[in-house]
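Participant: Let me begin by handing over the structure; questions about it come next.
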2 protein chains.
Amino acid sequence: MNDIKQFLRSNALRPTKQRIVIAGYLFDGIDKHVTAESLSTELAKRKHIISLATIYNTLHDFYENGLLKKLTLSADRVYFDTNTDHHHHFYSEKEQFLIDINKNIKVNGLPKTPKNKKINKIEVIVHLD
Amino acid sequence: MNDIKQFLRSNALRPTKQRIVIAGYLFDGIDKHVTAESLSTELAKRKHIISLATIYNTLHDFYENGLLKKLTLSADRVYFDTNTDHHHHFYSEKEQFLIDINKNIKVNGLPKTPKNKKINKIEVIVHLD
DNA sequence: TCAACACTTTAGAATCATTCTAAACTGATA
DNA sequence: TATCAGTTTAGAATGATTCTAAAGTGTTGA
Ligand SMILES: [Mn+2]
Ligand SMILES: [Mn+2]
Ligand SMILES: [Zn+2]
Ligand SMILES: [Zn+2]
């Protein structure tokens, strides 16, 4: 709790009630993939009602401070990932299923990068049925 | 033109004026990545005004018949890809830049597939700045 | 050839995730 | 503790996409 406050302060974020609840859930040591909606539902189960606007604001605040990664896997919802290390995913669109691949993956056979561009990151998505 | 009509018929799609125009543009031999919006704009330049509803309908009809692939790279627009072979992409979100990688790419070091799941496809996205 | 009908197109409304607005609230600071 | 910048929030707005239902058209069998 005080850890969380310090954690937020160290990221230049005021430790408000809402941020403490959200950070407490997201950064409890278990990596998670959440959408604004799933996060809202999860917190509601724990009797923490926070407006969707604040949930969106907070996810973006955390994202902008590098505490979350953003994943675009489907066109109609954005996932935020508490695992900020470079990693890849197993993904099932049908079952909304998302699992980290933390092992080192090597991608071989890439053609040369287009002129004047630089590779930012290589993302591997293993689509499952 | 008659080729296009046959092409559509052979895919169980009635060769309507609109579908002929859209297929004529999409399948002219040059691989393309389009959004509903970009396609609409492109056809308008060629003096072919087709309602957005029809453009969406047609893209989905083509997709459902395997004539297009669907790409989810950004949360706020869906790309359709005329290259239906399995391939990967260079992508710049900032510049809305999308280039096919047709070379064979090998992905090594994947962990074992989750129980009871099967790999549908492996997608590699090379993000550029 | 052409009537009949299933399939298609379309304008406009609806949907829905997300963002915006602006007013009330609160953490930090002196 | 007063002050103020930073936050939260309800509700409106946005924008891509889908839906609705009415008008239009390609196909086909006689
Ligand atoms: Mn949507
Ligand atoms: Mn959107
Ligand atoms: Zn992850
Ligand atoms: Zn492509």
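Ordering of the structure tokens sets the chain letters (A, B, ...); residue numbers start at 1 within each chain; ligands are numbered from 1 in the order shown.
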Hey, which bits of chain A sit within 12 Å of ligand 2, and for each residue what's the closest pair of atoms and how far apart in Å (one decimal), counting only C-alpha atoms and all ligand atoms, rows by chain and increasing number, as CSV?
Facilitator:
residue,atom,partner,partner_atom_place_in_ligand_line,distance
A:Ala75,CA,ligand 2,1 (Mn),8.8
A:Asp76,CA,ligand 2,1 (Mn),7.9
A:Arg77,CA,ligand 2,1 (Mn),9.3
A:Val78,CA,ligand 2,1 (Mn),10.4
Participant: With DSSP run on the backbone, what are the alpha helix (DSSP H) residues within segment 15-63 of chain B? I'd like them as a ChimeraX atom specification.
Facilitator: /B:17-26,36-45,52-63
Participant: Store the residues picked out above in a file with N, CA, C and O atoms, as a tab-separated table (two decimals), in the first residue's frame.
Facilitator:
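What landed in out.tsv:
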chain	number	residue	atom	x	y	z
B	17	LYS	N	-22.39	-4.05	-60.70
B	17	LYS	CA	-21.53	-2.93	-61.12
B	17	LYS	C	-20.48	-2.62	-60.06
B	17	LYS	O	-19.30	-2.46	-60.35
B	18	GLN	N	-20.97	-2.55	-58.83
B	18	GLN	CA	-20.07	-2.15	-57.74
B	18	GLN	C	-18.96	-3.17	-57.49
B	18	GLN	O	-17.79	-2.82	-57.35
B	19	ARG	N	-19.34	-4.43	-57.47
B	19	ARG	CA	-18.32	-5.46	-57.22
B	19	ARG	C	-17.31	-5.52	-58.35
B	19	ARG	O	-16.13	-5.79	-58.13
B	20	ILE	N	-17.77	-5.26	-59.56
B	20	ILE	CA	-16.85	-5.28	-60.70
B	20	ILE	C	-15.83	-4.15	-60.57
B	20	ILE	O	-14.63	-4.35	-60.78
B	21	VAL	N	-16.31	-2.99	-60.19
B	21	VAL	CA	-15.39	-1.86	-60.01
B	21	VAL	C	-14.39	-2.16	-58.89
B	21	VAL	O	-13.18	-1.97	-59.05
B	22	ILE	N	-14.90	-2.64	-57.78
B	22	ILE	CA	-14.03	-2.88	-56.63
B	22	ILE	C	-13.03	-4.00	-56.93
B	22	ILE	O	-11.83	-3.85	-56.68
B	23	ALA	N	-13.52	-5.09	-57.49
B	23	ALA	CA	-12.61	-6.20	-57.82
B	23	ALA	C	-11.62	-5.76	-58.88
B	23	ALA	O	-10.43	-6.12	-58.82
B	24	GLY	N	-12.07	-4.97	-59.83
B	24	GLY	CA	-11.18	-4.49	-60.88
B	24	GLY	C	-10.01	-3.71	-60.30
B	24	GLY	O	-8.87	-3.83	-60.74
B	25	TYR	N	-10.32	-2.93	-59.28
B	25	TYR	CA	-9.25	-2.17	-58.64
B	25	TYR	C	-8.38	-3.06	-57.75
B	25	TYR	O	-7.16	-3.05	-57.84
B	26	LEU	N	-9.01	-3.84	-56.90
B	26	LEU	CA	-8.24	-4.64	-55.94
B	26	LEU	C	-7.37	-5.70	-56.59
B	26	LEU	O	-6.24	-5.93	-56.19
B	36	ALA	N	-11.52	0.43	-45.61
B	36	ALA	CA	-12.77	0.82	-46.27
B	36	ALA	C	-12.64	2.27	-46.75
B	36	ALA	O	-12.99	2.60	-47.88
B	37	GLU	N	-12.09	3.08	-45.89
B	37	GLU	CA	-11.94	4.49	-46.19
B	37	GLU	C	-10.99	4.74	-47.36
B	37	GLU	O	-11.30	5.49	-48.28
B	38	SER	N	-9.82	4.10	-47.32
B	38	SER	CA	-8.84	4.34	-48.39
B	38	SER	C	-9.37	3.82	-49.72
B	38	SER	O	-9.14	4.41	-50.77
B	39	LEU	N	-10.10	2.72	-49.67
B	39	LEU	CA	-10.66	2.17	-50.90
B	39	LEU	C	-11.70	3.12	-51.47
B	39	LEU	O	-11.72	3.41	-52.67
B	40	SER	N	-12.54	3.64	-50.60
B	40	SER	CA	-13.55	4.60	-51.03
B	40	SER	C	-12.91	5.81	-51.70
B	40	SER	O	-13.33	6.26	-52.78
B	41	THR	N	-11.87	6.33	-51.07
B	41	THR	CA	-11.15	7.49	-51.61
B	41	THR	C	-10.53	7.17	-52.97
B	41	THR	O	-10.63	7.96	-53.92
B	42	GLU	N	-9.91	6.02	-53.05
B	42	GLU	CA	-9.23	5.61	-54.28
B	42	GLU	C	-10.23	5.48	-55.43
B	42	GLU	O	-9.97	5.92	-56.55
B	43	LEU	N	-11.39	4.89	-55.14
B	43	LEU	CA	-12.39	4.71	-56.19
B	43	LEU	C	-13.00	6.06	-56.58
B	43	LEU	O	-13.31	6.29	-57.74
B	44	ALA	N	-13.15	6.93	-55.60
B	44	ALA	CA	-13.70	8.25	-55.89
B	44	ALA	C	-12.80	9.00	-56.87
B	44	ALA	O	-13.28	9.65	-57.80
B	45	LYS	N	-11.49	8.87	-56.66
B	45	LYS	CA	-10.53	9.49	-57.58
B	45	LYS	C	-10.78	9.01	-59.00
B	45	LYS	O	-10.58	9.74	-59.97
B	52	LEU	N	-20.34	3.72	-48.77
B	52	LEU	CA	-19.46	3.07	-47.80
B	52	LEU	C	-20.05	1.74	-47.36
B	52	LEU	O	-19.32	0.77	-47.15
B	53	ALA	N	-21.36	1.68	-47.21
B	53	ALA	CA	-22.00	0.43	-46.80
B	53	ALA	C	-21.65	-0.68	-47.78
B	53	ALA	O	-21.31	-1.80	-47.38
B	54	THR	N	-21.71	-0.36	-49.06
B	54	THR	CA	-21.38	-1.37	-50.07
B	54	THR	C	-19.90	-1.72	-50.04
B	54	THR	O	-19.52	-2.88	-50.21
B	55	ILE	N	-19.08	-0.75	-49.78
B	55	ILE	CA	-17.65	-1.03	-49.70
B	55	ILE	C	-17.38	-1.98	-48.54
B	55	ILE	O	-16.66	-2.98	-48.68
B	56	TYR	N	-17.99	-1.72	-47.41
B	56	TYR	CA	-17.85	-2.65	-46.27
B	56	TYR	C	-18.41	-4.02	-46.63
B	56	TYR	O	-17.79	-5.05	-46.38
B	57	ASN	N	-19.61	-4.03	-47.19
B	57	ASN	CA	-20.21	-5.32	-47.57
B	57	ASN	C	-19.30	-6.09	-48.50
B	57	ASN	O	-19.07	-7.30	-48.30
B	58	THR	N	-18.78	-5.41	-49.49
B	58	THR	CA	-17.97	-6.09	-50.50
B	58	THR	C	-16.66	-6.60	-49.93
B	58	THR	O	-16.24	-7.73	-50.19
B	59	LEU	N	-16.01	-5.77	-49.13
B	59	LEU	CA	-14.76	-6.22	-48.52
B	59	LEU	C	-15.02	-7.49	-47.70
B	59	LEU	O	-14.24	-8.44	-47.75
B	60	HIS	N	-16.13	-7.50	-46.97
B	60	HIS	CA	-16.42	-8.69	-46.18
B	60	HIS	C	-16.79	-9.88	-47.05
B	60	HIS	O	-16.40	-11.00	-46.78
B	61	ASP	N	-17.55	-9.62	-48.12
B	61	ASP	CA	-17.88	-10.72	-49.03
B	61	ASP	C	-16.60	-11.32	-49.60
B	61	ASP	O	-16.45	-12.54	-49.65
B	62	PHE	N	-15.71	-10.47	-50.04
B	62	PHE	CA	-14.45	-10.95	-50.61
B	62	PHE	C	-13.65	-11.70	-49.54
B	62	PHE	O	-13.08	-12.75	-49.79
B	63	TYR	N	-13.63	-11.12	-48.36
B	63	TYR	CA	-12.89	-11.76	-47.26
B	63	TYR	C	-13.46	-13.15	-46.97
B	63	TYR	O	-12.72	-14.12	-46.84
Participant: Could you list, as a list in words, all residues that come within 7 Å of ligand 3? Count only C-alpha atoms (C1' of nucleotides) and all ligand atoms.
Facilitator: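 These are the residues that qualify: His33, Asp81, Asn83, His87, His88, His89, Ile99 and Asp100 of chain A.
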Participant: Please identify all polymer residues within 7 Å of Thr82 of chain B, counting only C-alpha atoms (C1' of nucleotides), omitting same-chain residues fewer than 4 positions from it, and present them as a list in words.
Facilitator: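 Selected residues are Leu26, Asp31, Lys32, His33, Leu67, Leu68 and Lys69 of chain B.
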Participant: Next, write the just-selected residues to a file, as a PDB file, in the first residue's frame, keeping C-alpha atoms as the atom set.
Facilitator:
ATOM      1  CA  LEU B  26      -8.238  -4.641 -55.937  1.00  0.00           C
ATOM      2  CA  ASP B  31      -0.905  -6.317 -54.245  1.00  0.00           C
ATOM      3  CA  LYS B  32      -2.606  -3.800 -52.024  1.00  0.00           C
ATOM      4  CA  HIS B  33      -3.509  -3.072 -48.436  1.00  0.00           C
ATOM      5  CA  LEU B  67     -10.113 -13.339 -51.746  1.00  0.00           C
ATOM      6  CA  LEU B  68      -8.737 -11.023 -49.090  1.00  0.00           C
ATOM      7  CA  LYS B  69      -6.975 -11.340 -45.795  1.00  0.00           C
TER       8      LYS B  69
END
Participant: Please return, as an mmCIF file with N, CA and C atoms, in the first residue's frame, all residues of chain A lying within 7 Å of chain B when only C-alpha atoms are considered.
Facilitator:
data_model
loop_
_atom_site.group_PDB
_atom_site.id
_atom_site.type_symbol
_atom_site.label_atom_id
_atom_site.label_comp_id
_atom_site.auth_asym_id
_atom_site.auth_seq_id
_atom_site.Cartn_x
_atom_site.Cartn_y
_atom_site.Cartn_z
ATOM 1 N N THR A 72 -2.360 -4.538 -29.835
ATOM 2 C CA THR A 72 -3.462 -4.450 -30.787
ATOM 3 C C THR A 72 -3.594 -5.793 -31.478
ATOM 4 N N LEU A 73 -4.511 -6.588 -31.017
ATOM 5 C CA LEU A 73 -4.675 -7.926 -31.559
ATOM 6 C C LEU A 73 -5.995 -8.068 -32.260
ATOM 7 N N SER A 74 -6.942 -7.284 -31.848
ATOM 8 C CA SER A 74 -8.269 -7.335 -32.415
ATOM 9 C C SER A 74 -8.675 -5.897 -32.687
ATOM 10 N N ALA A 75 -9.577 -5.711 -33.634
ATOM 11 C CA ALA A 75 -9.920 -4.348 -34.013
ATOM 12 C C ALA A 75 -10.796 -3.665 -32.981
ATOM 13 N N ASP A 76 -11.444 -4.440 -32.123
ATOM 14 C CA ASP A 76 -12.422 -3.747 -31.291
ATOM 15 C C ASP A 76 -12.160 -3.729 -29.799
ATOM 16 N N ARG A 77 -10.934 -3.931 -29.415
ATOM 17 C CA ARG A 77 -10.564 -3.668 -28.033
ATOM 18 C C ARG A 77 -9.057 -3.617 -27.940
ATOM 19 N N VAL A 78 -8.579 -2.767 -27.033
ATOM 20 C CA VAL A 78 -7.137 -2.625 -26.839
ATOM 21 C C VAL A 78 -6.763 -3.364 -25.566
ATOM 22 N N LYS A 103 10.083 -16.966 -23.573
ATOM 23 C CA LYS A 103 11.312 -17.536 -24.112
ATOM 24 C C LYS A 103 11.868 -16.667 -25.229
ATOM 25 N N ASN A 104 13.159 -16.758 -25.413
ATOM 26 C CA ASN A 104 13.772 -16.010 -26.501
ATOM 27 C C ASN A 104 13.393 -16.616 -27.848
ATOM 28 N N ILE A 105 12.848 -15.800 -28.682
ATOM 29 C CA ILE A 105 12.453 -16.260 -30.009
ATOM 30 C C ILE A 105 13.371 -15.626 -31.025
ATOM 31 N N LYS A 106 13.783 -16.419 -31.981
ATOM 32 C CA LYS A 106 14.631 -15.860 -33.044
ATOM 33 C C LYS A 106 13.866 -15.888 -34.353
ATOM 34 N N VAL A 107 13.893 -14.769 -35.048
ATOM 35 C CA VAL A 107 13.235 -14.669 -36.344
ATOM 36 C C VAL A 107 14.312 -14.580 -37.411
ATOM 37 N N ASN A 108 14.349 -15.570 -38.287
ATOM 38 C CA ASN A 108 15.384 -15.615 -39.318
ATOM 39 C C ASN A 108 14.789 -15.428 -40.704
ATOM 40 N N GLY A 109 15.562 -14.822 -41.569
ATOM 41 C CA GLY A 109 15.164 -14.723 -42.957
ATOM 42 C C GLY A 109 14.471 -13.427 -43.312
ATOM 43 N N LEU A 110 14.565 -12.428 -42.445
ATOM 44 C CA LEU A 110 13.962 -11.137 -42.764
ATOM 45 C C LEU A 110 14.691 -10.491 -43.942
ATOM 46 N N PRO A 111 13.963 -9.880 -44.837
ATOM 47 C CA PRO A 111 14.612 -9.135 -45.923
ATOM 48 C C PRO A 111 15.197 -7.860 -45.334
ATOM 49 N N LYS A 117 14.342 3.496 -42.880
ATOM 50 C CA LYS A 117 13.524 3.087 -41.754
ATOM 51 C C LYS A 117 14.398 2.308 -40.787
ATOM 52 N N LYS A 118 13.916 2.253 -39.571
ATOM 53 C CA LYS A 118 14.653 1.503 -38.564
ATOM 54 C C LYS A 118 13.696 0.579 -37.842
ATOM 55 N N ILE A 119 14.157 -0.619 -37.528
ATOM 56 C CA ILE A 119 13.292 -1.561 -36.833
ATOM 57 C C ILE A 119 13.118 -1.122 -35.391
ATOM 58 N N ASN A 120 11.888 -1.010 -35.015
ATOM 59 C CA ASN A 120 11.546 -0.601 -33.659
ATOM 60 C C ASN A 120 11.398 -1.841 -32.783
ATOM 61 N N LYS A 121 10.616 -2.781 -33.249
ATOM 62 C CA LYS A 121 10.539 -4.080 -32.574
ATOM 63 C C LYS A 121 9.918 -5.118 -33.505
ATOM 64 N N ILE A 122 10.230 -6.356 -33.211
ATOM 65 C CA ILE A 122 9.665 -7.451 -33.982
ATOM 66 C C ILE A 122 8.659 -8.159 -33.098
ATOM 67 N N GLU A 123 7.439 -8.272 -33.606
ATOM 68 C CA GLU A 123 6.358 -8.851 -32.817
ATOM 69 C C GLU A 123 5.919 -10.171 -33.455
ATOM 70 N N VAL A 124 5.890 -11.200 -32.644
ATOM 71 C CA VAL A 124 5.436 -12.501 -33.137
ATOM 72 C C VAL A 124 4.128 -12.854 -32.433
ATOM 73 N N ILE A 125 3.110 -13.119 -33.217
ATOM 74 C CA ILE A 125 1.826 -13.524 -32.656
ATOM 75 C C ILE A 125 1.519 -14.923 -33.171
ATOM 76 N N VAL A 126 1.393 -15.854 -32.250
ATOM 77 C CA VAL A 126 1.066 -17.223 -32.631
ATOM 78 C C VAL A 126 -0.436 -17.396 -32.460
ATOM 79 N N HIS A 127 -1.127 -17.409 -33.571
ATOM 80 C CA HIS A 127 -2.583 -17.520 -33.524
ATOM 81 C C HIS A 127 -3.000 -18.962 -33.297
ATOM 82 N N LEU A 128 -3.852 -19.142 -32.306
ATOM 83 C CA LEU A 128 -4.355 -20.486 -31.997
ATOM 84 C C LEU A 128 -5.831 -20.583 -32.364
ATOM 85 N N ASP A 129 -6.264 -21.808 -32.591
ATOM 86 C CA ASP A 129 -7.691 -22.019 -32.886
ATOM 87 C C ASP A 129 -8.471 -22.087 -31.587
#
Participant: Which residues are near DG12 of chain C? Cut-off 12 Å, only C-alpha atoms (C1' of nucleotides), ignore same chain within fewer than 5 positions. Put them as an MDAnalysis selection string.
Facilitator: (chainID B and resid 51:53) or (chainID D and resid 19:22)
